[in-house]
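S.K.: Below you will find the structure I want to go over with you.
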Amino acid sequence: MGPVEELEFEPLGEAVLAHLKGEVDLANARSVRDRLLEAVPNTATGLVLDLTATHHLDSSGVRVLFELAERLENRRQKLEIVIPDEAPVKRVLLLTEIDRVVPLFGSVDALPHS
Amino acid sequence: MSAYSEEKPSRRKAGSGRRSITVSMLGRLRWSVRGLLPVTSPVVMAQAFSYLFGIGATLALLTLLLPHDPDRFVPGIVGPAVLAYTVAAVMLIGFERIPIRVFYLLPALGAALITVVVYSGGADAAAAYAGYYFWAVLAAFFFLDFWRAVPTLLVCVIGYAAALVGQGDAADPALSWLMAAGTLTVAGVLISVLRQRSERLVALLGEAQSVAHIGTWEWHVSSDEVAWSRELYRIYGLKLGGPPASYGDLLSYVHPEDRDAVDRTLRRALVEHAPFDFEHRVVRPDGATRIVHGRGQVTTDDSGNPVRIFGTAQDVTDQRRAEEQFRELVESAPDAMVIVNEEGRIVLVNAQAERLFGYARQELLDREVEVLVPERFRASHPGHRGGYFLDSETRAMGAGLDLWGLKKDGTEFAVEISLSPLPTEQGILVSSAIRDITERKRADVLERSFVPERLAEIPGVRLAARFEPGGAGVEVGGDWYDVLELDDGSIGLAIGDVAGRGVPAAAVMAQLRNALRAYAVELHRPSAALARLNRLAWIHEDSVMATVIYLVFDPTSGRVRLANAGHLPPLQANPDGSTLYLDGGRSLPLGVQGITTYTDAEYELSPGSTLLLYTDGLIEKRRRPIDEGLARLAACVGDHGDLEELCDRLLAQLGPSGEDDVTLLTLSPIELVPEGLQLTMPAEPPTLAALRRTLRGWLRQCDASDEEGYDIVLACNEAAANAIEHAYGPGDGSVEVLATLSGRAVSVTVRDFGQWRKRRDDRGGRGLGLIDAVMDEVSVMTNPEDGTEVRMVRHLEGGRDGTG
């Protein structure tokens with residue numbers, strides 16, 4: 001059995017808030033990326049990705065985050081990531097320096113537009 | 001007789017009785033003559049006689065050319081010669097065409113003529129005696145009845161005596177009377193011998209007729225008289241010796257519905273003079289109906305006019321009823337039946353065959369059976385068919401081959417055919433029972449698709465499974481099993497049996513299996529998953545009854561948790577050879593009650609032990625108690641070090657005994673030793689999750705902290721992902737992971753055996769970057785031939801021994 005992930009979406013102001021639970025690895029990274037992109041309509045201002053409950057994110061997942069940021073930027077949309085300090089994948093995000101491209105927030109409440 | 005005559009208003013007047021007796025006498029004559037001489041046709045025989053008579057008379061006349069006493073000799077020769085010519089002419093013309101009275105008169109006329117010749121002094125006593133003698137014998141021949149022959153014989157004897165007196169040649173009257181008496185004796189003896197012989201033939205014929213249930217009749221067309229044999233009377237249920245009948249009378253006994261057909265056949269025969277053949281029903285005076293098969297032929301005179309029809313009538317009622325029964329039997333068979341003769345032509349089909357192939361009966365009868373065979377097999381089919389007739393026995397056709405039938409509309413369908421020979425009067429017929437197995441095939445495919453094609457390699461356990469469908473000719477059962485790798489590193493095993501067979505059962509099975517997969521992810525307690533599954537079964541539109549065991553095994557703790565919905569209990573075999581049925585956690589099967597409470601039972605499974613799950617096909621033998629089957633299974637387990645071997649052995653010893661499917665699923669924990677972990681996994685992305693779980697479990701045993709565990713798992717995952725992504729094309733190769741703990745240092749080696757393809761993007765770099773970042777030591781060795789090896793070391797902090 002491969003990785004198990006679960007995506008839940010909710011509106012957050014004019015943006016879309018997505019909770020990604022479970023694991024992201026080589027096996028499901030692309031499908032996660034595509035589902036996230038589909039969930040963000042052109043009218044939204046951007047995507048807020050909540051990785052609080054993500055147990056595993058490997059370099060394939062990190063690549064997806066970079067790609068997401070780039071695609072959304074092309075659509076004049078913003079990617080923001082919610083990741084508390086104690087979250088398991090925080091370390092990977094820091095190691096891969098994604099915070100240089102995508103702003104990280106400790107909680108949904110910490111987002112500037114919420 | 002009175003009832004008889006009431007039924008026959010067209011019966012002739014009493015005066016005609018005599019004529020028909022003569023007809024039957026003629027018939028007897030024919031038989032007696034036929035019995036005496038080796039000549040088959042009475043016509044040919046009559047011709048032969050007539051020529052002999054003619055030649056004889058001619059030779060007698062020729063003697064006139066020799067020196068003779070013209071006064072006495074000439075009339076003695078000419079008289080008999082004229083008579084001989086007359087007889088020859090009669091025979092040549094044919095008995096049938098000469099009124100019977102002529103035959104009565106002929107000998108008397110002959111004798112009278114001789115008397116006249118003698119008195120005119122044209123013949124001496126010896127010649128006259130010869131003439132009388134001839135006529136006496138001829139009369140005997142004709143009448144076969146002493147008293148009937150008496151008038152002629154008297155004419156002969158008195159004429160002879162008178163001739164002697166008239167000649168005045170009474171030198172020895174005593175001798176003359178003696179010779180006359182001798183003539184009578186000879187005629188009498190001849191008559192009695194011929195009679196006996198003819199009666200024996202008639203009796204024999206009658207016997208033969210009654211044995212064969214064949215009666216004969218003769219219809220004299222011109223006189224419209226029909227003569228019947230004894231057996232025919234019997235077949236028609238009439239009193240023997242009842243009045244003979246006309247053609248109209250004969251028809252009156254025929255069943256009203258068949259009358260027209262019989263009449264048409266006979267009328268046509270009269271016109272065409274061809275042999276004919278027909279079958280009709282007869283209604284006996286007592287109301288019983290018999291079926292009669294008739295054949296006949298027409299005799300014509302020289303000018304081609306029909307003189308008489310000779311026919312046989314066979315009582316085929318029993319035969320037809322047997323055939324009718326056979327036909328009904330074929331008709332009531334559950335399978336489509338097609339019966340074929342030795343030429344490969346279809347002689348009988350049933351309604352099921354009509355439906356199956358889409359033809360109407362009439363379209364199939366007498367056609368070659370190949371019409372039901374798809375084009376591509378047609379050429380070879382007659383060969384196989386011929387082979388079967390040479391060596392016919394009841395068996396399945398084309399053993400081990402896929403057989404196909406062809407419908408009228410051109411569609412092909414999978415069939416199963418069993419053949420059996422049917423010896424009949426018409427030679428050997430072959431009956432084939434044809435069954436459409438499309439649904440079974442579909443169900444088979446369906447069922448196979450719901451049993452894992454091969455078991456994934458799951459870290460921490462060894463697994464082996466077998467699925468043996470039930471015996472040939474039986475639809476698939478509802479066995480299924482599943483193996484799930486759960487989120488937390490534990491393993492879910494399910495085995496079940498859906499009541500029912502075929503596609504519906506397979507469909508239910510598929511739904512249950514998929515539903516259980518979904519519930520298993522969400523719900524950790526097996527009892528909770530089964531409760532949900534029961535709800536699903538209960539609300540299912542078809543009434544579903546199914547047994548299932550769902551158990552979760554945690555390789556790190558060795559704990560087994562199971563809930564059992566009416567299934568046979570799993571068997572645990574321990575390393576010491578002891579066995580134990582895990583019969584806790586039992587509840588009702590799925591679908592019995594809307595709400596059923598399922599409970600979990602917990603067991604410990606240590607490395608070296610084996611858990612066996614199975615379906616009833618392995619245990620239940622007809623007429624044997626289940627307990628006995630369970631005891632036998634426990635006794636058969638024996639050595640279970642090698643699960644594959646164990647499965648093979650159990651199947652060989654207890655396996656498919658008949659109709660039921662047999663399913664067997666075994667699991668045995670592998671000892672997870674902190675000192676080392678060795679995994680070989682297929683180089684496919686989905687295995688990464690399993691690798692992470694196993695490694696996490698092992699690292700917990702190594703007392704690694706959560707952060708350390710996370711880092712090592714991450715690094716190992718990256719190395720394996722690189723191998724999967726770069727070393728192989730899709731679907732081949734494997735990745736080997738070796739983890740060891742030495743002191744407080746965890747070393748992990750990830751090795752592949754492929755050649756790394758060109759990196760397409762920065763992923764590999766980022767992956768290696770991550771590995772570098774989280775591990776203390778990293779080395780990558782790439783060998784173009786042996787593949788790539790990534791070695792990583794991480795020193796654990798703290799820990800129980802405090803070193804490092």
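Scheme for the structure tokens: letters A, B, ... for chains in order shown; per-chain residue numbers from 1; ligand numbers from 1 in order shown.
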Using DSSP on the backbone coordinates, identify all residues within segment 594-636 of chain B classified as alpha helix (DSSP H); present the result as a list in words.
M.R.: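 Residues of segment 594-636 of chain B classed as alpha helix (DSSP H): Ile626, Asp627, Glu628, Gly629, Leu630, Ala631, Arg632, Leu633, Ala634, Ala635 and Cys636 of chain B.
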S.K.: Using only C-alpha atoms, determine which residues lie at most 7 Å from segment 413-425 of chain B, disregarding the query and same-chain residues fewer than 4 positions distant; provide the list as number ranges by chain.
M.R.: B: 392-397, 403-406, 429-438
S.K.: Write to file, as a PDB file, in the first residue's frame, the residues of the selection just made, with N, CA and C atoms.
M.R.:
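Printed below is again33.pdb as written:
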```
ATOM      1  N   SER B 392     -15.826 -43.752 -29.301  1.00  0.00           N
ATOM      2  CA  SER B 392     -16.781 -42.920 -28.585  1.00  0.00           C
ATOM      3  C   SER B 392     -16.940 -43.392 -27.155  1.00  0.00           C
ATOM      4  N   GLU B 393     -16.914 -42.460 -26.278  1.00  0.00           N
ATOM      5  CA  GLU B 393     -17.170 -42.703 -24.864  1.00  0.00           C
ATOM      6  C   GLU B 393     -17.681 -41.389 -24.317  1.00  0.00           C
ATOM      7  N   THR B 394     -18.338 -41.481 -23.188  1.00  0.00           N
ATOM      8  CA  THR B 394     -18.857 -40.256 -22.604  1.00  0.00           C
ATOM      9  C   THR B 394     -17.711 -39.447 -22.036  1.00  0.00           C
ATOM     10  N   ARG B 395     -17.565 -38.232 -22.525  1.00  0.00           N
ATOM     11  CA  ARG B 395     -16.464 -37.417 -22.011  1.00  0.00           C
ATOM     12  C   ARG B 395     -16.707 -35.960 -22.364  1.00  0.00           C
ATOM     13  N   ALA B 396     -15.908 -35.109 -21.760  1.00  0.00           N
ATOM     14  CA  ALA B 396     -15.978 -33.698 -22.101  1.00  0.00           C
ATOM     15  C   ALA B 396     -15.252 -33.491 -23.416  1.00  0.00           C
ATOM     16  N   MET B 397     -15.747 -32.548 -24.207  1.00  0.00           N
ATOM     17  CA  MET B 397     -15.135 -32.295 -25.502  1.00  0.00           C
ATOM     18  C   MET B 397     -13.969 -31.334 -25.325  1.00  0.00           C
ATOM     19  N   LEU B 403     -13.652 -23.697 -25.723  1.00  0.00           N
ATOM     20  CA  LEU B 403     -14.556 -24.036 -26.815  1.00  0.00           C
ATOM     21  C   LEU B 403     -15.508 -22.873 -27.040  1.00  0.00           C
ATOM     22  N   TRP B 404     -15.877 -22.696 -28.297  1.00  0.00           N
ATOM     23  CA  TRP B 404     -16.750 -21.584 -28.638  1.00  0.00           C
ATOM     24  C   TRP B 404     -17.908 -22.065 -29.480  1.00  0.00           C
ATOM     25  N   GLY B 405     -19.062 -21.494 -29.243  1.00  0.00           N
ATOM     26  CA  GLY B 405     -20.229 -21.764 -30.070  1.00  0.00           C
ATOM     27  C   GLY B 405     -20.549 -20.530 -30.896  1.00  0.00           C
ATOM     28  N   LEU B 406     -21.313 -20.752 -31.983  1.00  0.00           N
ATOM     29  CA  LEU B 406     -21.670 -19.650 -32.874  1.00  0.00           C
ATOM     30  C   LEU B 406     -23.181 -19.542 -32.934  1.00  0.00           C
ATOM     31  N   LEU B 429     -25.467 -42.440 -32.749  1.00  0.00           N
ATOM     32  CA  LEU B 429     -25.672 -40.996 -32.725  1.00  0.00           C
ATOM     33  C   LEU B 429     -24.805 -40.449 -31.594  1.00  0.00           C
ATOM     34  N   VAL B 430     -24.460 -39.186 -31.701  1.00  0.00           N
ATOM     35  CA  VAL B 430     -23.705 -38.588 -30.607  1.00  0.00           C
ATOM     36  C   VAL B 430     -24.536 -37.461 -30.033  1.00  0.00           C
ATOM     37  N   SER B 431     -24.758 -37.529 -28.730  1.00  0.00           N
ATOM     38  CA  SER B 431     -25.494 -36.444 -28.110  1.00  0.00           C
ATOM     39  C   SER B 431     -24.493 -35.532 -27.423  1.00  0.00           C
ATOM     40  N   SER B 432     -24.662 -34.251 -27.653  1.00  0.00           N
ATOM     41  CA  SER B 432     -23.769 -33.301 -27.006  1.00  0.00           C
ATOM     42  C   SER B 432     -24.593 -32.361 -26.147  1.00  0.00           C
ATOM     43  N   ALA B 433     -24.190 -32.276 -24.903  1.00  0.00           N
ATOM     44  CA  ALA B 433     -24.831 -31.337 -23.976  1.00  0.00           C
ATOM     45  C   ALA B 433     -23.964 -30.090 -23.965  1.00  0.00           C
ATOM     46  N   ILE B 434     -24.568 -28.974 -24.316  1.00  0.00           N
ATOM     47  CA  ILE B 434     -23.792 -27.747 -24.483  1.00  0.00           C
ATOM     48  C   ILE B 434     -24.227 -26.743 -23.432  1.00  0.00           C
ATOM     49  N   ARG B 435     -23.268 -26.191 -22.765  1.00  0.00           N
ATOM     50  CA  ARG B 435     -23.577 -25.230 -21.702  1.00  0.00           C
ATOM     51  C   ARG B 435     -22.850 -23.920 -21.994  1.00  0.00           C
ATOM     52  N   ASP B 436     -23.600 -22.849 -21.865  1.00  0.00           N
ATOM     53  CA  ASP B 436     -23.019 -21.523 -22.072  1.00  0.00           C
ATOM     54  C   ASP B 436     -22.261 -21.152 -20.795  1.00  0.00           C
ATOM     55  N   ILE B 437     -20.959 -20.970 -20.922  1.00  0.00           N
ATOM     56  CA  ILE B 437     -20.182 -20.683 -19.704  1.00  0.00           C
ATOM     57  C   ILE B 437     -19.689 -19.253 -19.703  1.00  0.00           C
ATOM     58  N   THR B 438     -20.331 -18.413 -20.508  1.00  0.00           N
ATOM     59  CA  THR B 438     -19.914 -17.007 -20.559  1.00  0.00           C
ATOM     60  C   THR B 438     -19.916 -16.391 -19.166  1.00  0.00           C
TER      61      THR B 438
END
```
S.K.: Within chain A, find each residue whose DSSP state, derived from the backbone, is strand (DSSP E or B), and express the selection as a ChimeraX atom specification.
M.R.: /A:5-12,15-24,46-50,54-57,78-82,104-105
S.K.: With N, CA and C atoms retained, export the selected residues as a JSON list (two decimals), in the first residue's frame.
M.R.:
```
[["chain", "number", "residue", "atom", "x", "y", "z"],
["A", 5, "GLU", "N", -2.82, 10.04, 1.58],
["A", 5, "GLU", "CA", -2.94, 11.47, 1.83],
["A", 5, "GLU", "C", -4.40, 11.85, 1.74],
["A", 6, "GLU", "N", -4.70, 12.95, 2.34],
["A", 6, "GLU", "CA", -6.09, 13.41, 2.34],
["A", 6, "GLU", "C", -6.04, 14.92, 2.18],
["A", 7, "LEU", "N", -6.89, 15.44, 1.29],
["A", 7, "LEU", "CA", -6.93, 16.89, 1.05],
["A", 7, "LEU", "C", -8.30, 17.43, 1.40],
["A", 8, "GLU", "N", -8.31, 18.49, 2.20],
["A", 8, "GLU", "CA", -9.59, 19.14, 2.49],
["A", 8, "GLU", "C", -9.46, 20.61, 2.16],
["A", 9, "PHE", "N", -10.50, 21.12, 1.52],
["A", 9, "PHE", "CA", -10.44, 22.53, 1.09],
["A", 9, "PHE", "C", -11.51, 23.33, 1.80],
["A", 10, "GLU", "N", -11.17, 24.62, 2.07],
["A", 10, "GLU", "CA", -12.21, 25.53, 2.57],
["A", 10, "GLU", "C", -11.84, 26.93, 2.09],
["A", 11, "PRO", "N", -12.85, 27.77, 1.92],
["A", 11, "PRO", "CA", -12.53, 29.14, 1.49],
["A", 11, "PRO", "C", -11.91, 29.92, 2.66],
["A", 12, "LEU", "N", -11.02, 30.78, 2.30],
["A", 12, "LEU", "CA", -10.41, 31.61, 3.34],
["A", 12, "LEU", "C", -10.32, 33.01, 2.73],
["A", 15, "ALA", "N", -9.10, 33.64, -0.80],
["A", 15, "ALA", "CA", -8.16, 32.56, -1.12],
["A", 15, "ALA", "C", -8.76, 31.20, -0.79],
["A", 16, "VAL", "N", -8.03, 30.14, -1.17],
["A", 16, "VAL", "CA", -8.46, 28.78, -0.85],
["A", 16, "VAL", "C", -7.51, 28.22, 0.19],
["A", 17, "LEU", "N", -8.11, 27.65, 1.25],
["A", 17, "LEU", "CA", -7.28, 27.03, 2.28],
["A", 17, "LEU", "C", -7.35, 25.51, 2.11],
["A", 18, "ALA", "N", -6.16, 24.87, 1.97],
["A", 18, "ALA", "CA", -6.12, 23.42, 1.77],
["A", 18, "ALA", "C", -5.37, 22.78, 2.92],
["A", 19, "HIS", "N", -6.02, 21.77, 3.57],
["A", 19, "HIS", "CA", -5.35, 21.02, 4.62],
["A", 19, "HIS", "C", -4.84, 19.73, 4.00],
["A", 20, "LEU", "N", -3.53, 19.53, 4.06],
["A", 20, "LEU", "CA", -2.94, 18.30, 3.49],
["A", 20, "LEU", "C", -2.53, 17.40, 4.64],
["A", 21, "LYS", "N", -3.22, 16.26, 4.74],
["A", 21, "LYS", "CA", -2.93, 15.32, 5.81],
["A", 21, "LYS", "C", -2.29, 14.07, 5.22],
["A", 22, "GLY", "N", -1.42, 13.46, 6.03],
["A", 22, "GLY", "CA", -0.85, 12.19, 5.57],
["A", 22, "GLY", "C", 0.54, 12.35, 4.99],
["A", 23, "GLU", "N", 0.81, 11.59, 3.94],
["A", 23, "GLU", "CA", 2.17, 11.52, 3.42],
["A", 23, "GLU", "C", 2.21, 11.96, 1.96],
["A", 24, "VAL", "N", 3.30, 12.60, 1.60],
["A", 24, "VAL", "CA", 3.53, 12.90, 0.19],
["A", 24, "VAL", "C", 4.91, 12.37, -0.18],
["A", 46, "GLY", "N", -5.33, 33.28, -4.09],
["A", 46, "GLY", "CA", -4.19, 32.40, -3.90],
["A", 46, "GLY", "C", -4.56, 31.16, -3.11],
["A", 47, "LEU", "N", -3.50, 30.40, -2.77],
["A", 47, "LEU", "CA", -3.68, 29.14, -2.06],
["A", 47, "LEU", "C", -2.92, 29.19, -0.75],
["A", 48, "VAL", "N", -3.62, 28.81, 0.31],
["A", 48, "VAL", "CA", -2.95, 28.66, 1.60],
["A", 48, "VAL", "C", -2.88, 27.16, 1.88],
["A", 49, "LEU", "N", -1.67, 26.63, 1.98],
["A", 49, "LEU", "CA", -1.50, 25.20, 2.16],
["A", 49, "LEU", "C", -1.11, 24.91, 3.60],
["A", 50, "ASP", "N", -2.00, 24.14, 4.29],
["A", 50, "ASP", "CA", -1.77, 23.83, 5.69],
["A", 50, "ASP", "C", -1.09, 22.47, 5.79],
["A", 54, "THR", "N", 0.69, 17.01, 8.01],
["A", 54, "THR", "CA", 1.42, 16.21, 7.03],
["A", 54, "THR", "C", 2.54, 15.47, 7.77],
["A", 55, "HIS", "N", 2.49, 14.14, 7.68],
["A", 55, "HIS", "CA", 3.49, 13.36, 8.43],
["A", 55, "HIS", "C", 4.79, 13.22, 7.69],
["A", 56, "HIS", "N", 4.67, 13.14, 6.38],
["A", 56, "HIS", "CA", 5.89, 12.91, 5.61],
["A", 56, "HIS", "C", 5.85, 13.73, 4.34],
["A", 57, "LEU", "N", 6.95, 14.39, 4.07],
["A", 57, "LEU", "CA", 7.08, 15.16, 2.84],
["A", 57, "LEU", "C", 8.52, 14.98, 2.41],
["A", 78, "LYS", "N", -1.04, 33.68, -5.19],
["A", 78, "LYS", "CA", -0.03, 33.59, -4.16],
["A", 78, "LYS", "C", -0.09, 32.22, -3.50],
["A", 79, "LEU", "N", 1.09, 31.66, -3.17],
["A", 79, "LEU", "CA", 1.11, 30.45, -2.34],
["A", 79, "LEU", "C", 1.64, 30.81, -0.98],
["A", 80, "GLU", "N", 0.90, 30.39, 0.07],
["A", 80, "GLU", "CA", 1.36, 30.60, 1.43],
["A", 80, "GLU", "C", 1.25, 29.27, 2.15],
["A", 81, "ILE", "N", 2.20, 29.01, 3.05],
["A", 81, "ILE", "CA", 2.20, 27.73, 3.75],
["A", 81, "ILE", "C", 2.04, 27.97, 5.25],
["A", 82, "VAL", "N", 1.11, 27.16, 5.82],
["A", 82, "VAL", "CA", 0.95, 27.21, 7.28],
["A", 82, "VAL", "C", 1.68, 26.01, 7.85],
["A", 104, "LEU", "N", 6.16, 31.25, 5.08],
["A", 104, "LEU", "CA", 5.66, 30.25, 6.02],
["A", 104, "LEU", "C", 5.03, 30.97, 7.20],
["A", 105, "PHE", "N", 3.90, 30.44, 7.66],
["A", 105, "PHE", "CA", 3.23, 31.00, 8.82],
["A", 105, "PHE", "C", 2.99, 29.92, 9.85]]
```
S.K.: List every residue of chain A that has an atom at most 12 Å from any atom of chain B, giving for each one its closest atom pair and the distance in Å to one decimal, counting only C-alpha atoms, sorted by chain and then by ascending residue number, as CSV.
M.R.:
```
residue,atom,partner,partner_atom,distance
A:Met1,CA,B:Glu485,CA,5.4
A:Gly2,CA,B:Pro686,CA,4.0
A:Pro3,CA,B:Ala689,CA,5.2
A:Val4,CA,B:Asp487,CA,7.6
A:Glu5,CA,B:Asp487,CA,10.5
A:Glu6,CA,B:Val521,CA,11.7
A:Gly22,CA,B:Asp487,CA,9.2
A:Glu23,CA,B:Ala689,CA,8.3
A:Val24,CA,B:Ala689,CA,9.3
A:Asp25,CA,B:Leu688,CA,7.7
A:Leu26,CA,B:Pro685,CA,5.8
A:Ala27,CA,B:Pro685,CA,4.7
A:Asn28,CA,B:Pro686,CA,8.4
A:Ala29,CA,B:Pro685,CA,10.4
A:Arg30,CA,B:Pro685,CA,11.9
A:His55,CA,B:Tyr710,CA,9.7
A:His56,CA,B:Leu714,CA,8.2
A:Leu57,CA,B:Leu714,CA,8.4
A:Asp58,CA,B:Leu714,CA,6.7
A:Ser59,CA,B:Gly767,CA,5.5
A:Ser60,CA,B:Arg763,CA,7.0
A:Gly61,CA,B:Arg763,CA,10.1
A:Val62,CA,B:Arg766,CA,8.9
A:Arg63,CA,B:Arg763,CA,7.0
A:Val64,CA,B:Arg763,CA,10.4
A:Phe66,CA,B:Arg763,CA,11.1
A:Glu67,CA,B:Arg763,CA,11.9
A:Glu86,CA,B:Glu707,CA,10.7
A:Ala87,CA,B:Glu707,CA,11.1
A:Pro88,CA,B:Tyr710,CA,8.0
A:Val89,CA,B:Tyr710,CA,9.2
A:Lys90,CA,B:Tyr710,CA,11.4
A:Arg91,CA,B:Asp711,CA,9.0
A:Val92,CA,B:Leu770,CA,7.6
A:Leu93,CA,B:Leu770,CA,10.2
A:Leu94,CA,B:Leu770,CA,10.3
A:Leu95,CA,B:Leu770,CA,6.8
A:Thr96,CA,B:Leu770,CA,7.3
A:Glu97,CA,B:Arg766,CA,10.5
A:Ile98,CA,B:Arg766,CA,11.5
```
S.K.: Output N, CA and C atoms for every residue in the selection just made, as a compact mmCIF listing (two decimals), in the first residue's frame.
M.R.:
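Final file, selection_36.txt:
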```
# COMPACT_ATOMS: atom_id res chain seq x y z
N MET A 1 0.83 -1.19 0.00
CA MET A 1 0.00 0.00 0.00
C MET A 1 0.87 1.24 0.00
N GLY A 2 0.58 2.14 -0.87
CA GLY A 2 1.39 3.34 -1.00
C GLY A 2 1.06 4.36 0.07
N PRO A 3 1.54 5.54 -0.11
CA PRO A 3 1.28 6.62 0.87
C PRO A 3 -0.20 6.97 0.87
N VAL A 4 -0.65 7.44 2.01
CA VAL A 4 -2.05 7.85 2.12
C VAL A 4 -2.09 9.33 2.39
N GLU A 5 -2.82 10.04 1.58
CA GLU A 5 -2.94 11.47 1.83
C GLU A 5 -4.40 11.85 1.74
N GLU A 6 -4.70 12.95 2.34
CA GLU A 6 -6.09 13.41 2.34
C GLU A 6 -6.04 14.92 2.18
N GLY A 22 -1.42 13.46 6.03
CA GLY A 22 -0.85 12.19 5.57
C GLY A 22 0.54 12.35 4.99
N GLU A 23 0.81 11.59 3.94
CA GLU A 23 2.17 11.52 3.42
C GLU A 23 2.21 11.96 1.96
N VAL A 24 3.30 12.60 1.60
CA VAL A 24 3.53 12.90 0.19
C VAL A 24 4.91 12.37 -0.18
N ASP A 25 4.95 11.49 -1.14
CA ASP A 25 6.25 11.03 -1.62
C ASP A 25 6.21 10.87 -3.13
N LEU A 26 7.20 10.18 -3.66
CA LEU A 26 7.32 10.01 -5.10
C LEU A 26 6.04 9.44 -5.72
N ALA A 27 5.34 8.63 -4.94
CA ALA A 27 4.20 7.92 -5.51
C ALA A 27 3.00 8.83 -5.74
N ASN A 28 2.83 9.83 -4.89
CA ASN A 28 1.58 10.61 -5.02
C ASN A 28 1.81 12.10 -5.21
N ALA A 29 3.07 12.52 -5.35
CA ALA A 29 3.38 13.94 -5.39
C ALA A 29 2.65 14.64 -6.55
N ARG A 30 2.71 14.05 -7.71
CA ARG A 30 2.11 14.71 -8.87
C ARG A 30 0.60 14.86 -8.71
N HIS A 55 2.49 14.14 7.68
CA HIS A 55 3.49 13.36 8.43
C HIS A 55 4.79 13.22 7.69
N HIS A 56 4.67 13.14 6.38
CA HIS A 56 5.89 12.91 5.61
C HIS A 56 5.85 13.73 4.34
N LEU A 57 6.95 14.39 4.07
CA LEU A 57 7.08 15.16 2.84
C LEU A 57 8.52 14.98 2.41
N ASP A 58 8.75 14.35 1.29
CA ASP A 58 10.14 14.17 0.88
C ASP A 58 10.48 15.14 -0.25
N SER A 59 11.62 14.95 -0.88
CA SER A 59 12.05 15.92 -1.87
C SER A 59 11.08 16.01 -3.04
N SER A 60 10.35 14.92 -3.31
CA SER A 60 9.34 14.99 -4.37
C SER A 60 8.25 15.97 -3.97
N GLY A 61 7.88 15.91 -2.68
CA GLY A 61 6.87 16.83 -2.18
C GLY A 61 7.37 18.27 -2.21
N VAL A 62 8.64 18.42 -1.88
CA VAL A 62 9.21 19.77 -1.89
C VAL A 62 9.20 20.32 -3.31
N ARG A 63 9.53 19.46 -4.25
CA ARG A 63 9.52 19.89 -5.65
C ARG A 63 8.12 20.37 -6.05
N VAL A 64 7.13 19.63 -5.55
CA VAL A 64 5.74 20.01 -5.84
C VAL A 64 5.46 21.41 -5.30
N PHE A 66 7.56 23.85 -4.88
CA PHE A 66 8.22 24.84 -5.74
C PHE A 66 7.42 25.04 -7.02
N GLU A 67 6.96 23.91 -7.59
CA GLU A 67 6.20 24.01 -8.83
C GLU A 67 4.88 24.76 -8.62
N GLU A 86 6.32 22.75 15.57
CA GLU A 86 6.41 21.35 15.99
C GLU A 86 5.97 20.38 14.89
N ALA A 87 5.56 20.88 13.76
CA ALA A 87 5.08 19.98 12.70
C ALA A 87 6.25 19.15 12.15
N PRO A 88 5.96 17.87 11.81
CA PRO A 88 7.03 16.95 11.39
C PRO A 88 7.80 17.42 10.16
N VAL A 89 7.10 18.06 9.23
CA VAL A 89 7.80 18.36 7.98
C VAL A 89 8.46 19.73 7.97
N LYS A 90 8.37 20.43 9.09
CA LYS A 90 8.97 21.78 9.16
C LYS A 90 10.46 21.71 8.82
N ARG A 91 11.09 20.63 9.34
CA ARG A 91 12.54 20.48 9.15
C ARG A 91 12.88 20.37 7.67
N VAL A 92 12.10 19.61 6.90
CA VAL A 92 12.38 19.46 5.48
C VAL A 92 12.23 20.80 4.76
N LEU A 93 11.18 21.53 5.16
CA LEU A 93 10.95 22.82 4.50
C LEU A 93 12.14 23.76 4.73
N LEU A 94 12.63 23.71 5.98
CA LEU A 94 13.76 24.59 6.28
C LEU A 94 15.02 24.12 5.55
N LEU A 95 15.24 22.81 5.56
CA LEU A 95 16.44 22.27 4.92
C LEU A 95 16.46 22.58 3.42
N THR A 96 15.29 22.60 2.81
CA THR A 96 15.25 22.84 1.37
C THR A 96 15.06 24.32 1.04
N GLU A 97 15.03 25.12 2.10
CA GLU A 97 14.97 26.58 1.96
C GLU A 97 13.81 27.05 1.12
N ILE A 98 12.68 26.42 1.30
CA ILE A 98 11.51 26.83 0.52
C ILE A 98 11.00 28.18 1.02
```
S.K.: For atom CA of Asp85 of chain A and atom CA of Thr52 of chain A, determine how far apart the two atoms are, in Å to one decimal place.
M.R.: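 Atom-to-atom, atom CA of Asp85 of chain A to atom CA of Thr52 of chain A, that is 9.2 Å.
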S.K.: How far is it from atom CA of Gln511 of chain B to atom CA of Pro682 of chain B, in Å with one decimal?
M.R.: 28.7 Å
S.K.: If you count only C-alpha atoms, which residues fall within 6 Å of segment 343-348 of chain B, apart from same-chain ones fewer than 6 positions away, as a ChimeraX atom specification?
M.R.: /B:365-369
